[in-house]
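Trainee: So I've got this file, my_file.cif, and it contains mmCIF, C-alpha atoms:
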data_entry
#
loop_
_atom_site.group_PDB
_atom_site.id
_atom_site.type_symbol
_atom_site.label_atom_id
_atom_site.label_comp_id
_atom_site.auth_asym_id
_atom_site.auth_seq_id
_atom_site.Cartn_x
_atom_site.Cartn_y
_atom_site.Cartn_z
ATOM 1 C CA MET A 1 4.236 113.204 -76.197
ATOM 2 C CA GLU A 2 4.064 116.947 -75.798
ATOM 3 C CA ASP A 3 2.656 116.547 -72.308
ATOM 4 C CA LYS A 4 5.473 114.203 -71.325
ATOM 5 C CA LYS A 5 8.023 116.780 -72.454
ATOM 6 C CA LYS A 6 6.411 119.499 -70.339
ATOM 7 C CA VAL A 7 6.297 117.219 -67.311
ATOM 8 C CA THR A 8 9.960 116.331 -67.764
ATOM 9 C CA ILE A 9 10.923 119.999 -67.876
ATOM 10 C CA LEU A 10 8.830 120.636 -64.766
ATOM 11 C CA VAL A 11 10.478 117.760 -62.900
ATOM 12 C CA VAL A 12 13.965 119.000 -63.833
ATOM 13 C CA ILE A 13 13.147 122.511 -62.610
ATOM 14 C CA ALA A 14 11.726 121.075 -59.396
ATOM 15 C CA LEU A 15 14.862 119.003 -58.785
ATOM 16 C CA ILE A 16 17.186 121.947 -59.426
ATOM 17 C CA LEU A 17 15.265 124.188 -57.049
ATOM 18 C CA ALA A 18 15.068 121.470 -54.408
ATOM 19 C CA ILE A 19 18.823 120.867 -54.530
ATOM 20 C CA THR A 20 19.466 124.632 -54.354
ATOM 21 C CA ALA A 21 17.149 125.022 -51.372
ATOM 22 C CA ILE A 22 18.743 122.110 -49.507
ATOM 23 C CA THR A 23 22.259 123.434 -50.196
ATOM 24 C CA LEU A 24 21.437 126.956 -49.041
ATOM 25 C CA THR A 25 19.702 125.660 -45.926
ATOM 26 C CA ASN A 26 22.704 123.542 -45.012
ATOM 27 C CA ILE A 27 25.125 126.451 -45.488
ATOM 28 C CA ASN A 28 23.071 128.700 -43.228
ATOM 29 C CA SER A 29 22.656 126.048 -40.584
ATOM 30 C CA GLU A 30 26.329 125.940 -39.670
ATOM 31 C CA ILE A 31 26.461 127.370 -36.173
ATOM 32 C CA SER A 32 29.677 129.038 -35.104
ATOM 33 C CA THR A 33 30.960 127.993 -31.682
ATOM 34 C CA LYS A 34 32.930 131.212 -31.295
ATOM 35 C CA ASN A 35 31.385 134.259 -29.697
ATOM 36 C CA PRO A 36 31.280 136.721 -32.623
ATOM 37 C CA ASN A 37 31.811 139.590 -30.203
ATOM 38 C CA GLN A 38 34.953 138.153 -28.658
ATOM 39 C CA LEU A 39 38.189 139.847 -29.668
ATOM 40 C CA SER A 40 41.284 137.990 -30.690
ATOM 41 C CA PRO A 41 43.476 137.346 -27.658
ATOM 42 C CA THR A 42 46.330 139.733 -27.052
ATOM 43 C CA GLY A 43 49.384 138.722 -25.073
ATOM 44 C CA ALA A 44 52.225 140.014 -22.932
ATOM 45 C CA VAL A 45 55.246 138.335 -21.417
ATOM 46 C CA VAL A 46 56.544 137.919 -17.877
ATOM 47 C CA GLY A 47 60.095 136.664 -17.464
ATOM 48 C CA ILE A 48 62.591 135.866 -14.746
ATOM 49 C CA VAL A 49 66.000 134.201 -14.561
ATOM 50 C CA ILE A 50 66.440 131.999 -11.513
ATOM 51 C CA GLU A 51 70.060 131.255 -10.718
ATOM 52 C CA PRO A 52 70.972 128.146 -8.737
ATOM 53 C CA SER A 53 70.964 128.708 -5.004
ATOM 54 C CA GLU A 54 74.266 128.442 -3.208
ATOM 55 C CA VAL A 55 74.711 125.058 -1.563
ATOM 56 C CA GLU A 56 75.257 125.174 2.181
ATOM 57 C CA ASP A 57 78.502 123.422 3.141
ATOM 58 C CA LYS A 58 77.522 121.807 6.410
ATOM 59 C CA LEU A 59 80.782 119.868 6.621
ATOM 60 C CA ALA A 60 82.912 122.960 6.761
ATOM 61 C CA GLY A 61 84.244 123.696 10.199
ATOM 62 C CA PRO A 62 84.472 127.088 11.880
ATOM 63 C CA PRO A 63 87.059 129.410 10.421
ATOM 64 C CA GLN A 64 90.520 128.975 11.950
ATOM 65 C CA MET B 65 -5.392 110.245 -61.709
ATOM 66 C CA LYS B 66 -2.823 109.619 -64.361
ATOM 67 C CA SER B 67 0.806 109.237 -63.372
ATOM 68 C CA THR B 68 1.845 112.304 -65.388
ATOM 69 C CA GLU B 69 -0.663 114.428 -63.501
ATOM 70 C CA ALA B 70 0.657 113.127 -60.175
ATOM 71 C CA ILE B 71 4.213 113.916 -61.210
ATOM 72 C CA THR B 72 3.155 117.371 -62.348
ATOM 73 C CA TYR B 73 1.459 118.178 -59.039
ATOM 74 C CA ALA B 74 4.401 116.792 -57.090
ATOM 75 C CA SER B 75 6.829 118.906 -59.120
ATOM 76 C CA ILE B 76 4.782 122.040 -58.555
ATOM 77 C CA ALA B 77 4.720 121.306 -54.851
ATOM 78 C CA VAL B 78 8.503 120.802 -54.778
ATOM 79 C CA ILE B 79 9.008 124.072 -56.661
ATOM 80 C CA ALA B 80 6.773 125.948 -54.252
ATOM 81 C CA ILE B 81 8.495 124.506 -51.189
ATOM 82 C CA SER B 82 11.943 125.175 -52.673
ATOM 83 C CA LEU B 83 11.072 128.782 -53.447
ATOM 84 C CA PHE B 84 9.802 129.185 -49.907
ATOM 85 C CA PHE B 85 13.168 128.079 -48.497
ATOM 86 C CA ILE B 86 15.254 129.994 -51.020
ATOM 87 C CA GLY B 87 13.173 133.120 -50.529
ATOM 88 C CA THR B 88 11.416 135.189 -53.091
ATOM 89 C CA GLU B 89 10.808 138.929 -53.268
ATOM 90 C CA LEU B 90 8.611 140.948 -55.508
ATOM 91 C CA THR B 91 10.392 143.661 -57.466
ATOM 92 C CA GLY B 92 9.004 146.679 -59.237
ATOM 93 C CA LEU B 93 9.859 149.912 -60.977
ATOM 94 C CA ALA B 94 9.391 153.064 -58.917
ATOM 95 C CA THR B 95 7.744 155.895 -60.789
ATOM 96 C CA GLY B 96 6.953 159.550 -60.055
ATOM 97 C CA ASN B 97 8.416 161.723 -57.278
ATOM 98 C CA ASP B 98 10.299 159.985 -54.613
ATOM 99 C CA THR B 99 12.330 160.763 -51.544
ATOM 100 C CA ALA B 100 15.773 159.499 -50.726
ATOM 101 C CA ILE B 101 17.476 158.654 -47.477
ATOM 102 C CA VAL B 102 21.117 159.257 -46.712
ATOM 103 C CA ASN B 103 22.153 156.590 -44.290
ATOM 104 C CA VAL B 104 25.400 156.678 -42.330
ATOM 105 C CA THR B 105 26.394 153.692 -40.244
ATOM 106 C CA ILE B 106 29.099 154.343 -37.682
ATOM 107 C CA LEU B 107 30.701 151.055 -36.808
ATOM 108 C CA THR B 108 32.154 150.381 -33.402
ATOM 109 C CA ALA B 109 35.762 149.296 -33.232
ATOM 110 C CA ALA B 110 36.759 146.930 -30.465
ATOM 111 C CA GLU B 111 40.402 146.342 -29.674
ATOM 112 C CA ILE B 112 42.729 146.062 -26.700
ATOM 113 C CA ASN B 113 46.473 146.423 -26.638
ATOM 114 C CA PHE B 114 49.245 145.823 -24.129
ATOM 115 C CA THR B 115 51.017 149.184 -24.184
ATOM 116 C CA THR B 116 53.541 147.649 -21.790
ATOM 117 C CA ASP B 117 53.891 144.059 -22.878
ATOM 118 C CA ILE B 118 57.042 142.872 -21.114
ATOM 119 C CA LEU B 119 57.637 142.579 -17.392
ATOM 120 C CA ASP B 120 61.146 141.412 -16.551
ATOM 121 C CA PHE B 121 61.904 140.390 -12.990
ATOM 122 C CA GLY B 122 65.613 140.177 -13.825
ATOM 123 C CA SER B 123 67.861 137.517 -12.411
ATOM 124 C CA GLY B 124 68.737 136.336 -8.959
ATOM 125 C CA ALA B 125 68.972 133.354 -6.672
ATOM 126 C CA VAL B 126 66.774 132.170 -3.848
ATOM 127 C CA THR B 127 68.337 132.217 -0.396
ATOM 128 C CA PRO B 128 69.162 128.586 0.480
ATOM 129 C CA GLY B 129 66.545 126.996 2.680
ATOM 130 C CA GLN B 130 64.058 129.799 1.988
ATOM 131 C CA THR B 131 61.205 130.546 -0.391
ATOM 132 C CA ALA B 132 61.650 133.782 -2.302
ATOM 133 C CA ILE B 133 58.687 136.139 -2.463
ATOM 134 C CA LEU B 134 58.755 138.575 -5.360
ATOM 135 C CA ASP B 135 56.240 141.009 -6.712
ATOM 136 C CA SER B 136 56.273 143.799 -9.265
ATOM 137 C CA GLU B 137 55.798 146.418 -6.550
ATOM 138 C CA GLY B 138 59.268 146.037 -5.097
ATOM 139 C CA THR B 139 59.007 143.019 -2.801
ATOM 140 C CA ASN B 140 62.054 140.738 -3.079
ATOM 141 C CA THR B 141 62.220 138.685 0.079
ATOM 142 C CA SER B 142 64.905 135.941 0.179
ATOM 143 C CA TRP B 143 65.998 136.930 -3.333
ATOM 144 C CA SER B 144 69.501 138.011 -4.322
ATOM 145 C CA GLY B 145 68.342 140.035 -7.322
ATOM 146 C CA ASN B 146 67.090 143.573 -7.466
ATOM 147 C CA ALA B 147 63.560 144.580 -6.566
ATOM 148 C CA THR B 148 61.214 144.924 -9.542
ATOM 149 C CA TYR B 149 58.986 147.944 -9.995
ATOM 150 C CA GLY B 150 56.592 147.890 -12.943
ATOM 151 C CA ASN B 151 53.583 146.171 -14.401
ATOM 152 C CA LEU B 152 51.896 145.212 -17.609
ATOM 153 C CA THR B 153 49.629 147.955 -18.944
ATOM 154 C CA LEU B 154 46.567 147.088 -20.955
ATOM 155 C CA GLU B 155 44.631 149.735 -22.875
ATOM 156 C CA ASN B 156 41.206 149.619 -24.498
ATOM 157 C CA ILE B 157 42.012 151.304 -27.813
ATOM 158 C CA GLY B 158 38.602 150.695 -29.356
ATOM 159 C CA SER B 159 35.377 152.665 -29.226
ATOM 160 C CA VAL B 160 33.274 150.361 -27.119
ATOM 161 C CA ASN B 161 33.284 149.160 -23.529
ATOM 162 C CA LEU B 162 34.435 145.585 -23.066
ATOM 163 C CA THR B 163 34.492 142.895 -20.478
ATOM 164 C CA LEU B 164 37.895 141.404 -19.824
ATOM 165 C CA GLN B 165 39.287 138.007 -18.958
ATOM 166 C CA LEU B 166 42.855 136.954 -18.253
ATOM 167 C CA LYS B 167 44.779 133.711 -18.319
ATOM 168 C CA THR B 168 48.315 132.381 -18.600
ATOM 169 C CA ASP B 169 49.822 129.819 -20.930
ATOM 170 C CA LEU B 170 51.531 127.895 -18.133
ATOM 171 C CA SER B 171 50.695 126.702 -14.648
ATOM 172 C CA PRO B 172 52.950 127.986 -11.824
ATOM 173 C CA ALA B 173 54.654 124.584 -11.729
ATOM 174 C CA ASP B 174 55.375 124.670 -15.461
ATOM 175 C CA PHE B 175 56.474 128.302 -15.318
ATOM 176 C CA LEU B 176 58.675 128.412 -12.221
ATOM 177 C CA GLY B 177 59.321 124.776 -11.355
ATOM 178 C CA GLY B 178 60.616 123.760 -7.941
ATOM 179 C CA ALA B 179 58.550 122.940 -4.888
ATOM 180 C CA ALA B 180 55.121 124.562 -4.398
ATOM 181 C CA PRO B 181 55.515 127.614 -6.637
ATOM 182 C CA THR B 182 52.770 130.223 -6.797
ATOM 183 C CA PHE B 183 52.010 132.894 -9.385
ATOM 184 C CA GLN B 184 49.435 135.566 -8.796
ATOM 185 C CA ALA B 185 48.094 138.657 -10.546
ATOM 186 C CA LYS B 186 46.460 141.870 -9.403
ATOM 187 C CA VAL B 187 44.431 144.096 -11.722
ATOM 188 C CA VAL B 188 43.954 147.750 -10.825
ATOM 189 C CA ASN B 189 42.994 150.938 -12.638
ATOM 190 C CA ASN B 190 46.124 152.498 -14.050
ATOM 191 C CA THR B 191 47.215 155.804 -12.553
ATOM 192 C CA GLY B 192 44.764 158.535 -13.565
ATOM 193 C CA ASN B 193 42.220 156.014 -14.903
ATOM 194 C CA VAL B 194 39.796 155.742 -12.009
ATOM 195 C CA GLY B 195 36.839 153.599 -13.038
ATOM 196 C CA ALA B 196 38.553 151.911 -15.985
ATOM 197 C CA CYS B 197 37.799 148.438 -14.639
ATOM 198 C CA THR B 198 34.453 147.758 -12.955
ATOM 199 C CA GLY B 199 32.431 144.727 -11.998
ATOM 200 C CA THR B 200 33.626 141.283 -11.061
ATOM 201 C CA ASN B 201 37.390 141.299 -10.686
ATOM 202 C CA VAL B 202 38.955 138.084 -9.453
ATOM 203 C CA PHE B 203 42.239 139.975 -9.233
ATOM 204 C CA THR B 204 41.221 142.859 -6.986
ATOM 205 C CA ASN B 205 44.001 141.659 -4.697
ATOM 206 C CA TYR B 206 46.767 139.260 -5.643
ATOM 207 C CA ALA B 207 45.031 136.037 -6.708
ATOM 208 C CA ASN B 208 46.166 132.886 -8.433
ATOM 209 C CA ILE B 209 46.162 133.189 -12.208
ATOM 210 C CA ASN B 210 46.321 130.069 -14.327
ATOM 211 C CA THR B 211 45.525 128.621 -17.725
ATOM 212 C CA THR B 212 41.773 129.046 -17.235
ATOM 213 C CA MET B 213 40.208 132.367 -18.233
ATOM 214 C CA GLN B 214 39.108 134.399 -15.228
ATOM 215 C CA SER B 215 37.117 137.609 -15.112
ATOM 216 C CA ALA B 216 39.100 140.790 -14.518
ATOM 217 C CA CYS B 217 36.610 143.515 -15.494
ATOM 218 C CA GLY B 218 33.254 141.774 -15.410
ATOM 219 C CA THR B 219 31.029 144.784 -16.088
ATOM 220 C CA PHE B 220 33.220 146.888 -18.318
ATOM 221 C CA PHE B 221 36.725 147.891 -19.281
ATOM 222 C CA GLY B 222 36.196 151.459 -20.459
ATOM 223 C CA TYR B 223 37.218 152.921 -23.786
ATOM 224 C CA GLU B 224 37.062 156.636 -23.048
ATOM 225 C CA ALA B 225 40.490 158.210 -22.857
ATOM 226 C CA ALA B 226 40.318 158.974 -19.139
ATOM 227 C CA ILE B 227 39.299 155.434 -18.157
ATOM 228 C CA ASP B 228 40.872 153.089 -20.675
ATOM 229 C CA GLU B 229 43.992 151.745 -18.977
ATOM 230 C CA ILE B 230 44.533 149.068 -16.367
ATOM 231 C CA ALA B 231 47.730 147.879 -14.712
ATOM 232 C CA ILE B 232 48.457 144.230 -14.001
ATOM 233 C CA ASP B 233 50.913 143.428 -11.211
ATOM 234 C CA PHE B 234 52.323 140.019 -10.438
ATOM 235 C CA SER B 235 53.553 138.169 -7.375
ATOM 236 C CA MET B 236 55.316 134.827 -7.118
ATOM 237 C CA ASN B 237 56.801 132.418 -4.624
ATOM 238 C CA ILE B 238 59.923 130.558 -5.732
ATOM 239 C CA SER B 239 61.523 127.689 -3.857
ATOM 240 C CA ASP B 240 65.288 127.323 -3.584
ATOM 241 C CA ASP B 241 65.344 124.277 -5.859
ATOM 242 C CA ALA B 242 64.012 126.199 -8.879
ATOM 243 C CA GLU B 243 66.379 127.475 -11.525
ATOM 244 C CA GLY B 244 66.549 128.478 -15.168
ATOM 245 C CA VAL B 245 65.224 131.066 -17.600
ATOM 246 C CA LYS B 246 61.476 131.331 -17.137
ATOM 247 C CA VAL B 247 59.041 132.964 -19.544
ATOM 248 C CA MET B 248 55.262 133.053 -19.363
ATOM 249 C CA THR B 249 52.639 134.607 -21.629
ATOM 250 C CA ILE B 250 49.703 136.494 -20.159
ATOM 251 C CA THR B 251 46.675 136.513 -22.449
ATOM 252 C CA ALA B 252 43.899 139.099 -22.297
ATOM 253 C CA ILE B 253 40.582 138.536 -24.050
ATOM 254 C CA GLY B 254 38.017 141.266 -24.452
ATOM 255 C CA THR B 255 34.340 140.726 -25.238
ATOM 256 C CA TYR B 256 31.766 143.364 -26.182
#
Could you express the structure from this file as structure tokens?

Mentor:
Amino acid sequence: MEDKKKVTILVVIALILAITAITLTNINSEISTKNPNQLSPTGAVVGIVIEPSEVEDKLAGPPQ
Amino acid sequence: MKSTEAITYASIAVIAISLFFIGTELTGLATGNDTAIVNVTILTAAEINFTTDILDFGSGAVTPGQTAILDSEGTNTSWSGNATYGNLTLENIGSVNLTLQLKTDLSPADFLGGAAPTFQAKVVNNTGNVGACTGTNVFTNYANINTTMQSACGTFFGYEAAIDEIAIDFSMNISDDAEGVKVMTITAIGTY
């Protein structure tokens, strides 16, 4: 009976350590897809206002 | 072999393997005379900043039947608006050399609209910053810039005060059927 108790304790310890090892291994195995040495992008703006072009009046005759 | 013995050996094996993966270190108490080390770690800081972050080409109309050609160095062919002189200025404000890539958030068609628009960039060392940008530079002369990152300073974009600024000029072709308020974002990404 005493032996069974010791074995049970040993099995519990083994399970706890195994679960801990698996968890830690999984956490460390996550590979980032981002270059760690790449800076955050910085931005600037270019703007322009395009007004409608004048429409050529091809029907208009020569000035009188 | 009894089943309890098998379980015991298996458990010991699992414990050993688990400790191997978790990692174990021996610890101890240091005694007697000892030396100490003062350790200073100077971290590098990497950062870039647009010191001029707006380039406004103003407003105007394209001459009917023509394609307007504008750039930020004063060219305003077939354009009723004023010539534009200026650029975007990008500075390496960190303490480490970088490589630099540029892209836009819109294609020329999405930015300008109309028939066959073009939008190009040119990257040069800013005045007094000779050698700021070295290596592969797609934008040595005016070249198409788009939504894909392209190399501007492939070897390094310097951080030292005398070589830490570049100027980015822009050129565009606008057809006479384009109109509206147009805004585009230029994105710079540094890597060290």

Trainee: Name the residues captured by the PyMOL selection byres ((chain B and resi 221-235) around 7) when it is applied to the shown file; answer as a ChimeraX atom specification.

Mentor: /B:134-136,151-164,183-190,193-198,217,220,236

Trainee: Please return, as a PyMOL selection string, all residues of chain B lying within 9 Å of chain A when only C-alpha atoms are considered.

Mentor: chain B and resi 68-69+71-72+74-86+110-114+116-129+152+176+234+238+240-256

Trainee: State, in Å with one decimal place, the distance from atom CA of Gly150 of chain B to atom CA of Asn205 of chain B.

Mentor: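 Computed distance, atom CA of Gly150 of chain B to atom CA of Asn205 of chain B, equals 16.3 Å.
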
Trainee: To one decimal in Å, tell me the separation between atom CA of Ser142 of chain B and atom CA of Gly178 of chain B.

Mentor: 15.3 Å

Trainee: What does the distance between atom CA of Phe203 of chain B and atom CA of Ser144 of chain B come to in Å, to one decimal place?

Mentor: 27.8 Å
